[in-house]
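Contents: one structure, followed by commentary.
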Amino acid sequence: MKILERFVAVDNGCLWPQLRLSPSGEIFMTGFNRPSHGKTQGDVDCWKSADGGRLFRYAGTPVRHEPGCNRMNNVSGFARNGDFLTIVSGYSNRPEIIYDDEKYLSEYFYKSEVLAPVSARSADGGKTYSPKPLNYCFEGESIIPFGEIISIGNGALAASIYVLGAVRTVDFRNCTRRAGILVSRDDGDTWTEFHGIDRDINETSILSIDGARMIAAARTAEKQHIKLYTSNDGGFSWKFMEDGSMINQIPASLARLNDGRILMCYGVRNNQKSIMFRTADERGENWSEPSVLAVLDGAGDMGYPSSVQLGDRTIVTAYYADGSTMHNRYHTGIIRWEI
């Protein structure tokens, strides 16, 4: 492993970054645009890089938040026709600025609810969007979009989501959790099927190996670590494969490398704060031992790496941190590296 370059891509924002490589070779990045862990009003923005991840420029905002709310969780990817797709959710009852954490919990967080997701489509490279309410819902439960929108077999798309068994945040502590995929058969216009991966998991990254085989890396609700799953029927059914990390090493993102191997990056919040990675063969099996990609000394809130590989074999990985000894504000960092 060799680090080539490191940059601050977005200062004072872009939490939970997601990288997607467009058919033209540009890198799209989405993330929450405020320097807090979703505690304030704000939006998921889209930034783009045309130089391999060295410089990102603001492109557009898929879904604008309603007054007093935010839009902070999303999945993203490309339709088969090349349009950029996102599904974005958020929360009601959010202040513009946090002055007091205890007041925030009592007056805002515990009085808020999960907002219904909105799907948004861009045909002009992430600049402008056509948002509309997601046409799929669960009665009395909440959809939280997280991860990828990917192409799967039979011309369909899959979006990674998790489902909370509550709408009010005050009920989150004791509610159920499960994760799975939403499926679209019309290139992202409507989402008509849900196929569950497992219960007691939430933030999940998905990857299609071929028309039938898929793998997923999911964050557990208890004893926070990564579980790996596989499907051999296009995501209709899933089985547990193995644990992918130790406790407090979450969440993960999956990416296919140019040589066919699978890359998994994840945040490490126990001991030394860092970003680690593992690789597997082209079927998502036979995983390597973990290796450290970056150490984030001084960070508290951090992680959520996302990666793409360019045509010249350079891997571009994004992560966020609330600060570090290298940069003392919330920011999204970029690592350009080789393996």
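Following the order of the structure tokens, first chain is A, next is B, and so on, with residues numbered from 1 inside each chain and ligands from 1 in the order they appear.
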Near stretch 135-147 of chain A, within 6 Å and counting only C-alpha atoms, which residues show up once chain neighbours fewer than 6 positions away are dropped, as number ranges by chain?
A: 73-75, 160-167, 203, 205
Any chance you could export the current selection's C-alpha atoms as a compact mmCIF listing (two decimals), in the first residue's frame?
# COMPACT_ATOMS: atom_id res chain seq x y z
CA ASN A 73 -29.19 10.56 5.00
CA ASN A 74 -28.86 9.35 1.43
CA VAL A 75 -28.02 6.66 -1.09
CA SER A 160 -29.38 -0.03 0.11
CA ILE A 161 -31.62 1.02 3.01
CA TYR A 162 -32.29 0.16 6.61
CA VAL A 163 -35.65 0.23 8.37
CA LEU A 164 -36.31 1.47 11.89
CA GLY A 165 -39.39 0.16 13.69
CA ALA A 166 -40.38 3.67 14.79
CA VAL A 167 -40.95 7.14 13.39
CA GLU A 203 -25.91 0.90 7.65
CA SER A 205 -22.93 -1.28 1.64
Just want the 7 Å neighbourhood of stretch 3-16 of chain A, counted on only C-alpha atoms, with same-chain residues fewer than 6 positions away dropped. Output as a ChimeraX atom specification.
/A:31-35,54-56,304,320,329-338
Go through A:Thr128, A:Gln309, A:Ser119, A:Thr190 one by one, measure the shortest atom-to-atom distance of each to A:Leu85 using only C-alpha atoms, and give the residue with the smallest value.
A:Ser119
Can you pull out every residue from stretch 38-265 of chain A that DSSP, working from the backbone, puts in strand (DSSP E), and format the result as a PyMOL selection string?
chain A and resi 44-49+57-60+70-78+84-91+114-122+130-133+142-151+157-164+177-184+193-199+201-208+214-220+226-231+239-243+249-256+262-265
Can you pull out every residue within 8 Å of A:Leu182, counting only C-alpha atoms, but drop anything in the same chain fewer than 3 positions away, and send it as JSON, numbers by chain?
{"A": [158, 159, 160, 161, 191, 192, 193, 194, 195]}
Rank A:Leu207, A:Val114, A:Ile27, A:Val308 by their smallest atom-to-atom distance to A:Asn258, using only C-alpha atoms, and report the top residue only.
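Looking only at the distances to A:Asn258, the closest residue turns out to be A:Val308.
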Which residue is closest to A:Val292? Choose from A:Gly234, A:Gly267, A:Gly126, A:Gly260 and count only C-alpha atoms.
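The shortest atom-to-atom distance to A:Val292 comes from A:Gly267.
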Name the residues in contact with A:Thr40 at a cut-off of 12 Å, using only C-alpha atoms, excluding same-chain residues fewer than 6 positions from it; report them as a ChimeraX atom specification.
/A:13,32-34,65,67-72,90-99,101,104-105,108-109,112
I'd like the neighbourhood of A:Gly211 as a compact mmCIF listing (two decimals) with C-alpha atoms, in the first residue's frame, where a residue qualifies if any of its atoms comes within 12 Å (using only C-alpha atoms), though same-chain residues fewer than 6 positions away should be ignored.
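Just written: part.txt:
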# COMPACT_ATOMS: atom_id res chain seq x y z
CA ILE A 150 -26.23 -0.07 -8.09
CA SER A 151 -27.13 -2.02 -11.20
CA ILE A 152 -28.07 -5.65 -10.61
CA GLY A 153 -29.32 -8.44 -12.88
CA ASN A 154 -32.19 -8.26 -15.37
CA GLY A 155 -31.82 -4.52 -15.94
CA ALA A 156 -32.81 -3.61 -12.38
CA LEU A 157 -31.36 -1.21 -9.83
CA SER A 231 -26.75 -13.45 -2.20
CA ASN A 232 -26.72 -15.78 -5.19
CA ASP A 233 -30.14 -14.85 -6.61
CA GLY A 234 -29.84 -11.14 -7.34
CA GLY A 235 -30.63 -9.97 -3.81
Could you give me, as a short mmCIF file (atom, residue, chain, number, x, y, z; two decimals) with N, CA and C atoms, in the first residue's frame, the residues within 6 Å of A:Ala59, counting only C-alpha atoms and dropping anything in the same chain fewer than 4 positions from it?
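Full text of result_27.cif as output:
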data_model
loop_
_atom_site.label_atom_id
_atom_site.label_comp_id
_atom_site.auth_asym_id
_atom_site.auth_seq_id
_atom_site.Cartn_x
_atom_site.Cartn_y
_atom_site.Cartn_z
N CYS A 46 -24.10 17.79 -3.38
CA CYS A 46 -23.30 17.01 -4.32
C CYS A 46 -22.11 17.86 -4.77
N TRP A 47 -20.91 17.28 -4.65
CA TRP A 47 -19.69 17.89 -5.16
C TRP A 47 -19.13 16.99 -6.25
N GLY A 126 -25.47 16.31 -11.99
CA GLY A 126 -25.57 16.64 -10.58
C GLY A 126 -25.86 18.08 -10.26
N LYS A 127 -26.18 18.89 -11.26
CA LYS A 127 -26.44 20.31 -11.02
C LYS A 127 -27.88 20.55 -10.57
#
